[in-house]
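Student: Next comes coords15.csv, CSV, C-alpha atoms:
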chain,number,residue,atom,x,y,z
W,23,MET,CA,-20.1,-13.0,-2.8
W,24,LEU,CA,-23.1,-10.8,-3.3
W,25,ILE,CA,-26.0,-12.2,-5.4
W,26,SER,CA,-29.4,-11.0,-6.4
W,27,THR,CA,-32.4,-13.1,-7.5
W,28,ALA,CA,-35.9,-12.3,-8.6
W,29,THR,CA,-37.8,-13.3,-5.4
W,30,CYS,CA,-39.8,-10.8,-3.5
W,31,SER,CA,-37.9,-7.6,-2.5
W,32,PHE,CA,-34.5,-6.0,-2.6
W,33,LEU,CA,-32.3,-6.7,0.3
W,34,LEU,CA,-28.8,-6.1,1.5
W,35,PRO,CA,-27.5,-7.7,4.8
W,36,ALA,CA,-28.1,-4.9,7.3
W,37,GLU,CA,-28.3,-6.7,10.6
W,38,GLY,CA,-26.1,-9.0,12.7
W,39,PRO,CA,-26.5,-12.7,12.8
W,40,GLY,CA,-30.1,-13.9,13.1
W,41,PRO,CA,-32.6,-16.3,11.7
W,42,PRO,CA,-34.2,-15.7,8.3
W,43,ASP,CA,-37.6,-14.0,8.0
W,44,GLU,CA,-40.1,-16.9,8.5
W,45,SER,CA,-42.6,-15.0,6.3
W,46,MET,CA,-40.4,-15.5,3.2
W,47,PRO,CA,-40.3,-18.7,1.0
W,48,CYS,CA,-37.4,-20.6,2.5
W,49,ARG,CA,-37.2,-23.9,0.6
W,50,HIS,CA,-33.7,-22.9,-0.4
W,51,HIS,CA,-32.6,-22.3,3.2
W,52,GLN,CA,-32.1,-25.9,3.9
W,53,ARG,CA,-30.2,-26.5,0.7
W,54,LEU,CA,-27.8,-23.7,1.5
W,55,LYS,CA,-27.3,-24.0,5.2
W,56,HIS,CA,-24.6,-26.7,4.8
W,57,LEU,CA,-22.7,-24.2,2.8
W,58,SER,CA,-22.9,-21.9,5.8
W,59,LEU,CA,-21.1,-18.7,6.5
W,60,ARG,CA,-18.6,-18.5,9.3
W,61,HIS,CA,-19.9,-17.5,12.7
W,62,GLN,CA,-23.3,-19.2,12.0
W,63,ARG,CA,-24.2,-16.6,9.3
W,64,LYS,CA,-26.3,-19.2,7.5
W,65,HIS,CA,-28.4,-17.3,5.1
W,66,GLN,CA,-29.3,-13.8,6.4
W,67,HIS,CA,-31.6,-11.2,4.9
W,68,THR,CA,-33.5,-8.1,5.8
W,69,HIS,CA,-36.5,-7.0,3.6
W,70,HIS,CA,-37.2,-3.4,2.6
W,71,GLN,CA,-40.2,-3.1,0.3
W,72,ASN,CA,-40.1,-0.9,-2.8
W,73,ASN,CA,-37.2,1.3,-1.8
W,74,PRO,CA,-33.9,-0.5,-2.6
W,75,LEU,CA,-31.8,1.9,-0.5
W,76,HIS,CA,-34.0,2.0,2.5
W,77,TYR,CA,-32.1,1.2,5.7
W,78,HIS,CA,-32.8,1.8,9.4
W,79,ASN,CA,-31.9,5.3,10.5
W,80,ASN,CA,-31.6,4.3,14.1
W,81,HIS,CA,-28.5,2.3,13.3
W,82,HIS,CA,-26.7,5.3,11.8
W,83,ASN,CA,-24.8,6.5,14.8
W,84,HIS,CA,-23.7,3.0,15.6
W,85,HIS,CA,-22.5,2.6,12.0
W,86,HIS,CA,-20.2,5.6,12.3
W,87,GLN,CA,-18.8,4.3,15.6
W,88,TYR,CA,-18.2,1.0,13.9
W,89,LEU,CA,-16.4,2.7,11.0
W,90,GLN,CA,-13.9,4.2,13.4
W,91,GLN,CA,-13.1,0.7,14.7
W,92,LEU,CA,-12.7,-0.8,11.2
W,93,PRO,CA,-8.9,-0.5,10.7
W,94,THR,CA,-8.0,-2.0,14.1
W,95,ASP,CA,-8.0,-5.6,12.9
W,96,LEU,CA,-8.9,-5.6,9.2
W,97,LYS,CA,-8.9,-9.3,8.6
W,98,ALA,CA,-11.7,-9.7,11.3
W,99,GLU,CA,-13.5,-6.3,10.8
W,100,LEU,CA,-14.0,-6.4,7.0
W,101,PRO,CA,-16.4,-9.4,7.1
W,102,GLN,CA,-18.1,-8.0,10.2
W,103,TYR,CA,-18.6,-4.7,8.4
W,104,LEU,CA,-20.2,-6.4,5.4
W,105,THR,CA,-22.7,-8.4,7.5
W,106,ARG,CA,-23.6,-5.3,9.5
W,107,PHE,CA,-23.8,-3.0,6.6
W,108,GLN,CA,-26.0,0.1,6.9
W,109,TRP,CA,-26.5,2.5,4.1
W,110,ASP,CA,-24.9,5.8,5.1
W,111,MET,CA,-27.8,8.2,4.8
W,112,ALA,CA,-25.7,11.3,5.7
W,113,LYS,CA,-23.0,10.8,3.1
W,114,TYR,CA,-25.2,9.3,0.3
W,115,PRO,CA,-28.8,10.6,0.7
W,116,ILE,CA,-31.3,8.2,-0.9
W,117,LYS,CA,-33.4,11.1,-2.1
W,118,GLN,CA,-30.6,11.8,-4.6
W,119,SER,CA,-30.6,10.1,-8.0
W,120,LEU,CA,-28.4,7.1,-8.5
W,121,ARG,CA,-26.2,9.2,-10.8
W,122,ASN,CA,-25.7,11.8,-8.1
W,123,ILE,CA,-24.9,9.2,-5.5
W,124,ALA,CA,-22.3,7.7,-7.8
W,125,ASP,CA,-20.8,11.1,-8.4
W,126,ILE,CA,-20.6,11.8,-4.7
W,127,ILE,CA,-18.7,8.5,-4.2
W,128,SER,CA,-16.5,9.1,-7.2
W,129,LYS,CA,-15.6,12.6,-5.9
W,130,GLN,CA,-14.9,11.2,-2.4
W,131,ILE,CA,-12.6,8.5,-3.8
W,132,GLY,CA,-10.9,11.0,-6.1
W,133,GLN,CA,-10.1,13.2,-3.1
W,134,ILE,CA,-8.7,10.3,-1.2
W,135,ASP,CA,-6.6,9.2,-4.2
W,136,GLY,CA,-5.2,12.8,-4.7
W,137,ASP,CA,-4.4,13.2,-1.0
W,138,LEU,CA,-2.7,9.7,-1.0
W,139,LYS,CA,-0.5,10.6,-3.9
W,140,THR,CA,0.5,13.9,-2.3
W,141,LYS,CA,1.2,12.4,1.1
W,142,SER,CA,3.0,9.3,-0.2
W,143,GLN,CA,5.1,11.3,-2.5
W,144,ALA,CA,6.2,13.7,0.3
W,145,TYR,CA,7.0,10.7,2.6
W,146,ASN,CA,8.8,8.7,-0.1
W,147,ASN,CA,10.9,11.8,-1.1
W,148,LEU,CA,11.9,12.2,2.5
W,149,LYS,CA,12.6,8.5,2.8
W,150,GLY,CA,14.6,8.5,-0.4
W,151,ASN,CA,16.8,11.4,0.7
W,152,LEU,CA,17.5,9.7,4.0
W,153,GLN,CA,18.3,6.4,2.3
W,154,ASN,CA,20.7,8.2,0.0
W,155,LEU,CA,22.5,9.7,2.9
W,156,GLU,CA,22.6,6.4,4.7
W,157,LYS,CA,24.1,4.7,1.6
W,158,LYS,CA,26.8,7.3,1.5
W,159,LYS,CA,27.7,6.3,5.1
W,160,THR,CA,28.1,2.6,4.1
W,161,GLY,CA,29.5,0.7,1.2
W,162,SER,CA,32.9,0.9,-0.5
W,163,LEU,CA,35.5,3.5,0.4
W,164,LEU,CA,35.5,4.4,-3.3
W,165,THR,CA,32.0,5.9,-3.0
W,166,ARG,CA,30.9,6.3,0.6
W,167,ASN,CA,31.0,9.6,2.5
W,168,LEU,CA,34.3,10.0,4.3
W,169,ALA,CA,33.2,12.7,6.8
W,170,ASP,CA,32.4,10.1,9.5
W,171,LEU,CA,35.8,8.5,9.1
W,172,VAL,CA,38.3,11.3,9.3
W,173,LYS,CA,39.3,13.6,12.2
W,174,LYS,CA,40.9,17.0,12.3
W,175,GLU,CA,44.3,15.6,13.2
W,176,HIS,CA,44.4,13.8,9.9
W,177,PHE,CA,44.8,17.1,8.0
W,178,ILE,CA,47.2,20.0,7.7
W,179,LEU,CA,44.8,23.0,7.9
W,180,ASP,CA,45.3,26.7,7.3
W,181,SER,CA,48.6,26.3,5.6
W,182,GLU,CA,49.7,28.6,2.8
W,183,TYR,CA,51.8,26.0,1.0
W,184,LEU,CA,50.7,22.5,2.2
W,185,THR,CA,47.6,20.4,1.7
W,186,THR,CA,46.4,17.0,2.7
W,187,LEU,CA,44.8,14.5,0.3
W,188,LEU,CA,42.8,11.3,1.0
W,189,VAL,CA,43.8,8.4,-1.2
W,190,ILE,CA,42.0,5.1,-1.7
W,191,VAL,CA,44.4,2.2,-2.2
W,192,PRO,CA,43.5,-1.4,-3.1
W,193,LYS,CA,44.0,-3.5,0.0
W,194,ALA,CA,46.4,-5.8,-1.8
W,195,MET,CA,48.6,-2.8,-2.7
W,196,ALA,CA,48.8,-1.2,0.8
W,197,ASN,CA,52.4,-2.1,1.3
W,198,ASP,CA,53.3,-0.8,-2.2
W,199,TRP,CA,51.7,2.5,-1.2
W,200,LEU,CA,53.6,2.8,2.1
W,201,THR,CA,56.8,2.0,0.3
W,202,ASN,CA,56.5,4.3,-2.7
W,203,TYR,CA,54.1,7.1,-2.0
W,204,GLU,CA,56.9,9.5,-1.3
W,205,LYS,CA,58.3,8.9,-4.8
W,206,ILE,CA,55.1,9.6,-6.8
W,207,THR,CA,56.1,13.2,-7.2
W,208,ASP,CA,58.5,15.7,-5.7
W,209,MET,CA,57.5,17.9,-2.7
W,210,ILE,CA,55.7,15.2,-0.7
W,211,VAL,CA,56.1,15.5,3.0
W,212,PRO,CA,58.1,12.4,4.2
W,213,ARG,CA,56.3,10.0,6.6
W,214,SER,CA,53.1,12.0,6.3
W,215,SER,CA,50.8,9.1,5.3
W,216,GLN,CA,48.9,7.0,7.8
W,217,LEU,CA,46.2,4.4,7.5
W,218,ILE,CA,42.7,5.8,8.5
W,219,LYS,CA,40.2,3.1,7.6
W,220,GLU,CA,40.0,-0.3,5.9
W,221,ASP,CA,37.2,-2.2,4.3
W,222,PRO,CA,37.3,-5.7,2.6
W,223,ASP,CA,38.6,-4.3,-0.6
W,224,TYR,CA,40.3,-0.9,0.0
W,225,SER,CA,42.3,1.1,2.5
W,226,LEU,CA,42.1,4.8,3.2
W,227,PHE,CA,45.3,6.8,3.6
W,228,ASN,CA,46.1,10.5,4.0
W,229,VAL,CA,49.2,12.2,2.5
W,230,THR,CA,50.5,15.7,2.9
W,231,LEU,CA,52.2,17.5,0.0
W,232,PHE,CA,52.8,21.0,-1.4
W,233,LYS,CA,49.7,22.5,-3.1
W,234,LYS,CA,51.4,23.2,-6.3
W,235,VAL,CA,52.0,19.5,-7.1
W,236,THR,CA,48.5,18.4,-6.3
W,237,GLU,CA,47.3,17.8,-9.9
W,238,GLU,CA,50.6,16.1,-10.8
W,239,PHE,CA,50.3,13.8,-7.8
W,240,LYS,CA,46.7,12.9,-8.7
W,241,LEU,CA,47.7,12.0,-12.3
W,242,HIS,CA,50.7,9.8,-11.3
W,243,ALA,CA,48.7,8.2,-8.4
W,244,ARG,CA,45.9,7.2,-10.8
W,245,GLU,CA,48.5,5.5,-13.1
W,246,ARG,CA,49.5,3.4,-10.1
W,247,LYS,CA,45.8,2.6,-9.3
W,248,PHE,CA,45.8,4.9,-6.3
W,249,ILE,CA,42.6,7.0,-6.3
W,250,VAL,CA,42.5,10.4,-4.8
W,251,ARG,CA,39.1,11.3,-3.3
W,252,ASP,CA,38.0,14.9,-3.5
W,253,PHE,CA,37.5,16.0,0.1
W,254,VAL,CA,37.9,19.3,1.9
W,255,TYR,CA,37.8,19.2,5.7
W,256,ASN,CA,35.4,21.8,6.9
W,257,GLU,CA,34.0,21.4,10.4
W,258,GLU,CA,31.0,23.6,9.8
W,259,GLU,CA,30.0,21.6,6.6
W,260,LEU,CA,30.6,18.3,8.4
W,261,ALA,CA,28.4,19.4,11.3
W,262,ALA,CA,25.7,20.6,8.8
W,263,GLY,CA,25.7,17.2,7.1
W,264,LYS,CA,25.2,15.4,10.4
W,265,ASN,CA,22.5,17.8,11.3
W,266,GLU,CA,20.8,17.2,7.9
W,267,MET,CA,20.6,13.4,8.6
W,268,THR,CA,19.3,14.0,12.1
W,269,LYS,CA,16.7,16.3,10.8
W,270,LEU,CA,15.6,13.9,8.0
W,271,MET,CA,15.3,11.0,10.6
W,272,THR,CA,13.3,13.2,12.9
W,273,ASP,CA,11.0,14.4,10.0
W,274,LYS,CA,10.5,10.8,8.9
W,275,LYS,CA,9.4,9.7,12.4
W,276,LYS,CA,7.1,12.7,12.6
W,277,GLN,CA,5.4,11.9,9.3
W,278,PHE,CA,5.2,8.2,9.7
W,279,GLY,CA,2.7,8.1,12.6
W,280,PRO,CA,0.2,10.6,11.1
W,281,LEU,CA,0.6,8.9,7.7
W,282,VAL,CA,-0.3,5.5,9.1
W,283,ARG,CA,-3.3,6.9,10.9
W,284,TRP,CA,-4.4,8.7,7.8
W,285,LEU,CA,-4.1,5.5,5.8
W,286,LYS,CA,-6.1,3.5,8.3
W,287,VAL,CA,-8.9,6.1,8.3
W,288,ASN,CA,-9.1,6.5,4.6
W,289,PHE,CA,-8.8,2.8,3.9
W,290,SER,CA,-11.9,2.5,6.0
W,291,GLU,CA,-13.6,5.3,4.0
W,292,ALA,CA,-12.6,3.8,0.7
W,293,PHE,CA,-13.7,0.3,1.6
W,294,CYS,CA,-17.0,1.6,2.8
W,295,ALA,CA,-17.5,3.5,-0.4
W,296,LEU,CA,-16.6,0.4,-2.4
W,297,ILE,CA,-19.4,-1.6,-0.6
W,298,HIS,CA,-21.9,1.2,-1.3
W,299,VAL,CA,-20.9,1.0,-5.0
W,300,LYS,CA,-21.5,-2.8,-4.9
W,301,ALA,CA,-24.9,-2.1,-3.5
W,302,LEU,CA,-25.7,0.4,-6.3
W,303,ARG,CA,-24.5,-2.1,-8.9
W,304,VAL,CA,-26.6,-4.9,-7.5
W,305,PHE,CA,-29.6,-2.6,-7.5
W,306,VAL,CA,-29.1,-1.2,-11.0
W,307,GLU,CA,-28.4,-4.6,-12.7
W,308,SER,CA,-31.2,-6.3,-10.9
W,309,VAL,CA,-33.7,-3.7,-12.1
W,310,LEU,CA,-32.4,-3.9,-15.6
W,311,ARG,CA,-32.5,-7.7,-15.5
W,312,TYR,CA,-35.7,-8.4,-13.6
W,313,GLY,CA,-37.6,-5.2,-14.5
W,314,LEU,CA,-40.1,-3.1,-12.5
W,315,PRO,CA,-41.8,-2.9,-10.1
W,316,VAL,CA,-38.9,-3.7,-7.8
W,317,ASN,CA,-39.2,-7.4,-7.0
W,318,PHE,CA,-35.9,-9.0,-6.2
W,319,GLN,CA,-33.7,-9.9,-3.2
W,320,ALA,CA,-30.0,-9.6,-2.6
W,321,ILE,CA,-28.1,-12.0,-0.4
W,322,LEU,CA,-24.5,-11.9,1.0
W,323,ILE,CA,-22.9,-15.3,1.1
W,324,GLU,CA,-19.5,-16.3,2.4
W,325,PRO,CA,-18.9,-19.9,1.5
W,326,ASN,CA,-16.0,-22.1,2.6
W,327,LYS,CA,-13.4,-22.2,-0.2
W,328,LYS,CA,-14.0,-25.9,-0.7
W,329,SER,CA,-17.8,-25.4,-1.1
W,330,VAL,CA,-17.8,-22.7,-3.9
W,331,LYS,CA,-18.3,-25.1,-6.8
W,332,ARG,CA,-21.0,-27.0,-4.9
W,333,LEU,CA,-22.7,-23.7,-4.0
W,334,ARG,CA,-22.7,-22.7,-7.6
W,335,ASP,CA,-24.4,-25.9,-8.5
W,336,VAL,CA,-27.1,-25.4,-5.8
W,337,LEU,CA,-27.7,-21.8,-6.9
W,338,ASN,CA,-28.0,-22.8,-10.6
W,339,GLN,CA,-30.5,-25.5,-9.6
W,340,LEU,CA,-32.5,-23.0,-7.6
W,341,TYR,CA,-32.5,-20.1,-10.0
W,342,GLY,CA,-31.7,-21.5,-13.4
W,343,HIS,CA,-35.3,-21.1,-14.4
W,344,LEU,CA,-34.8,-17.3,-14.3
W,345,ASP,CA,-32.7,-17.3,-17.4
W,346,GLY,CA,-32.8,-20.2,-19.8
W,347,ALA,CA,-29.6,-19.2,-21.5
W,348,SER,CA,-27.6,-20.2,-18.5
W,349,ALA,CA,-29.8,-22.9,-17.0
W,350,GLY,CA,-26.9,-25.4,-17.3
W,351,GLY,CA,-24.4,-23.2,-15.4
W,352,HIS,CA,-22.5,-20.1,-16.3
W,353,VAL,CA,-21.4,-19.0,-19.7
W,354,SER,CA,-18.8,-16.6,-20.9
W,355,SER,CA,-20.0,-13.1,-21.7
W,356,VAL,CA,-17.8,-13.2,-24.8
W,357,ASP,CA,-19.0,-16.5,-26.2
W,358,GLN,CA,-22.7,-16.0,-25.3
W,359,ASN,CA,-24.3,-14.4,-28.3
W,360,VAL,CA,-26.7,-12.0,-26.6
W,361,ASP,CA,-27.1,-8.3,-26.9
W,362,ILE,CA,-26.7,-7.5,-23.2
W,363,PRO,CA,-25.5,-10.5,-21.2
W,364,GLY,CA,-26.7,-9.7,-17.8
W,365,LEU,CA,-25.4,-6.2,-18.0
W,366,GLY,CA,-22.5,-7.6,-16.1
W,367,PHE,CA,-20.3,-4.4,-16.5
W,368,GLY,CA,-17.4,-6.4,-17.9
W,369,GLN,CA,-17.8,-9.5,-15.8
W,370,SER,CA,-16.3,-12.6,-17.6
W,371,GLU,CA,-19.0,-14.9,-16.3
W,372,TYR,CA,-22.8,-14.8,-16.5
W,373,TYR,CA,-25.2,-16.5,-14.1
W,374,PRO,CA,-29.0,-16.6,-13.9
W,375,TYR,CA,-28.7,-14.4,-10.9
W,376,VAL,CA,-26.8,-11.1,-10.5
W,377,PHE,CA,-23.4,-11.9,-9.0
W,378,TYR,CA,-20.6,-9.7,-7.6
W,379,LYS,CA,-17.5,-10.8,-5.8
W,380,VAL,CA,-16.5,-8.8,-2.7
W,381,ASN,CA,-12.8,-9.2,-2.0
W,382,ILE,CA,-11.9,-9.0,1.7
W,383,ASP,CA,-8.6,-10.8,1.6
W,384,MET,CA,-6.6,-7.6,0.9
W,385,VAL,CA,-4.5,-7.2,4.0
W,386,GLU,CA,-0.9,-8.3,4.0
W,387,GLN,CA,1.4,-8.2,7.1
W,388,THR,CA,4.3,-6.2,5.6
W,389,LYS,CA,6.6,-3.7,7.0
W,390,LEU,CA,6.1,-0.1,5.9
Using structure tokens, write down the structure from this file.

Tutor:
Amino acid sequence: MLISTATCSFLLPAEGPGPPDESMPCRHHQRLKHLSLRHQRKHQHTHHQNNPLHYHNNHHNHHHQYLQQLPTDLKAELPQYLTRFQWDMAKYPIKQSLRNIADIISKQIGQIDGDLKTKSQAYNNLKGNLQNLEKKKTGSLLTRNLADLVKKEHFILDSEYLTTLLVIVPKAMANDWLTNYEKITDMIVPRSSQLIKEDPDYSLFNVTLFKKVTEEFKLHARERKFIVRDFVYNEEELAAGKNEMTKLMTDKKKQFGPLVRWLKVNFSEAFCALIHVKALRVFVESVLRYGLPVNFQAILIEPNKKSVKRLRDVLNQLYGHLDGASAGGHVSSVDQNVDIPGLGFGQSEYYPYVFYKVNIDMVEQTKL
């Protein structure tokens, strides 16, 4: 959580773990230390007088190196990034107005969002096409692609009068087919049918007949619950279909690696931009709440889950005097009848201190 209180100066955690500044009033340190952060991050702060966005320039290069490492282990790196946060002077110059800085961040995130939609759509289209082809190679004989099941010797090719059809027969009726297929119409080549493939429900047979009775055969076969699949054996087309699947698989592999790398880099960029927005919001609301000259302090706290309620109680005891309306705890911004309840930008709860939650539990181990 990120909180700001009217104390002495604006701060954001900008350094690694270290003791609090002894020059500051620290009566609350002892009350908060038992609600300590992980890795001994008890209650850290760095003071920057008068300029709310003033951070050390000599940490700038280190900050960029750290950003490059951010995606390697996000569950560990996100908390570390927060506690070592440095304002990015190159991307967001503090000489700019707050509005301009916000616009720069908005434009950056908009660009990332647009690129994400384009890249993800291209990859998902490719993945969808590949899945459709793979589905055609599996499933029921009624719907699957038959190209991988048949061979050249199953067909009579280049004949002026004869043609070969592929027929799907319910498995329970296979013997009925073998016994009666020659009687379905006239001009069927005797003993021309053979079993090509079976699945749990159907059997695939071929049959050779004269071309001029093809439509009549299809009609009478359907009446007997034998289904004729539309299929023309063409070696060039079959080879092209196999090549298409191979090409799609190759293209998917080629796109996957760069897409994951792009996601890692831009997740880092987006998260860093989010934290800069949080810093801006803390500054703006703190100025509006506590007034000028700048005279407040921001603190980053990561409590244990079991200690959150207790931490709230301690914070309310320490800072309840800053706002009598919420001295007894927090109140709903809907129920509290005030004109501008803390300028909470839509927050559902109001405290005597400025409060923002920073979510770092956003990484799930799922397969892409």

Student: Give as an MDAnalysis selection string the set of residues within 12 Å of the point (47.8, 11.1, -11.3), where distances use the file's coordinates and only C-alpha atoms.

Tutor: chainID W and resid 189 203 206:207 235:251

Student: Could you state the separation of atom CA of W:Gln130 and atom CA of W:Leu310 in Å, given to one decimal place?

Tutor: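 Rounded to one decimal, the two atoms are 26.6 Å apart.
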
Student: Report the distance between atom CA of W:Lys173 and atom CA of W:Asp273 in Å, rounded to one decimal place.

Tutor: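 About the pair atom CA of W:Lys173 and atom CA of W:Asp273: they are 28.4 Å apart.
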
Student: Quick one: pull the distance between atom CA of W:Leu302 and atom CA of W:Ala124, Å, one decimal.

Tutor: 8.2 Å

Student: My list of candidates is W:Ala112, W:Gln143, W:Pro192, W:Tyr378. Which is closest to W:Val299 when distances are computed with all atoms listed in the file?

Tutor: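 Of the candidates, the smallest distance to W:Val299 is held by W:Tyr378.
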
Student: I need the residue nearest W:Leu231 from this list: W:Lys286, W:Lys205, W:Arg121, W:Lys327. Use only C-alpha atoms for the distance.

Tutor: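 Of W:Lys286, W:Lys205, W:Arg121, W:Lys327, the one nearest W:Leu231 is W:Lys205, counting only C-alpha atoms.
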
Student: Using only C-alpha atoms, which residue out of W:Leu138, W:Val316, W:Leu171, W:Ile382 lies closest to W:Val282?

Tutor: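 Going through W:Leu138, W:Val316, W:Leu171, W:Ile382 one by one, the smallest distance to W:Val282 is for W:Leu138.
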
Student: Within 9 Å of (-20.0, -7.1, -0.3) in the file's own coordinates, which protein, DNA or RNA residues have an atom, counting all atoms listed in the file? List them as an NGL selection string.

Tutor: :W and (23-24 or 101 or 104-105 or 107 or 296-298 or 300-301 or 322-323 or 378-382)

Student: Would you mind exporting the chosen residues as a CSV table (one decimal), in the frame of the given file, restricted to C-alpha atoms?

Tutor:
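Ended up saving to result.csv:
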chain,number,residue,atom,x,y,z
W,23,MET,CA,-20.1,-13.0,-2.8
W,24,LEU,CA,-23.1,-10.8,-3.3
W,101,PRO,CA,-16.4,-9.4,7.1
W,104,LEU,CA,-20.2,-6.4,5.4
W,105,THR,CA,-22.7,-8.4,7.5
W,107,PHE,CA,-23.8,-3.0,6.6
W,296,LEU,CA,-16.6,0.4,-2.4
W,297,ILE,CA,-19.4,-1.6,-0.6
W,298,HIS,CA,-21.9,1.2,-1.3
W,300,LYS,CA,-21.5,-2.8,-4.9
W,301,ALA,CA,-24.9,-2.1,-3.5
W,322,LEU,CA,-24.5,-11.9,1.0
W,323,ILE,CA,-22.9,-15.3,1.1
W,378,TYR,CA,-20.6,-9.7,-7.6
W,379,LYS,CA,-17.5,-10.8,-5.8
W,380,VAL,CA,-16.5,-8.8,-2.7
W,381,ASN,CA,-12.8,-9.2,-2.0
W,382,ILE,CA,-11.9,-9.0,1.7

Student: Between W:Leu270, W:Ala261, W:Ile131, W:Leu226, single out the one closest to W:Asn147, counting all atoms listed in the file.

Tutor: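 With all atoms listed in the file as the atom set, the closest residue is W:Leu270.
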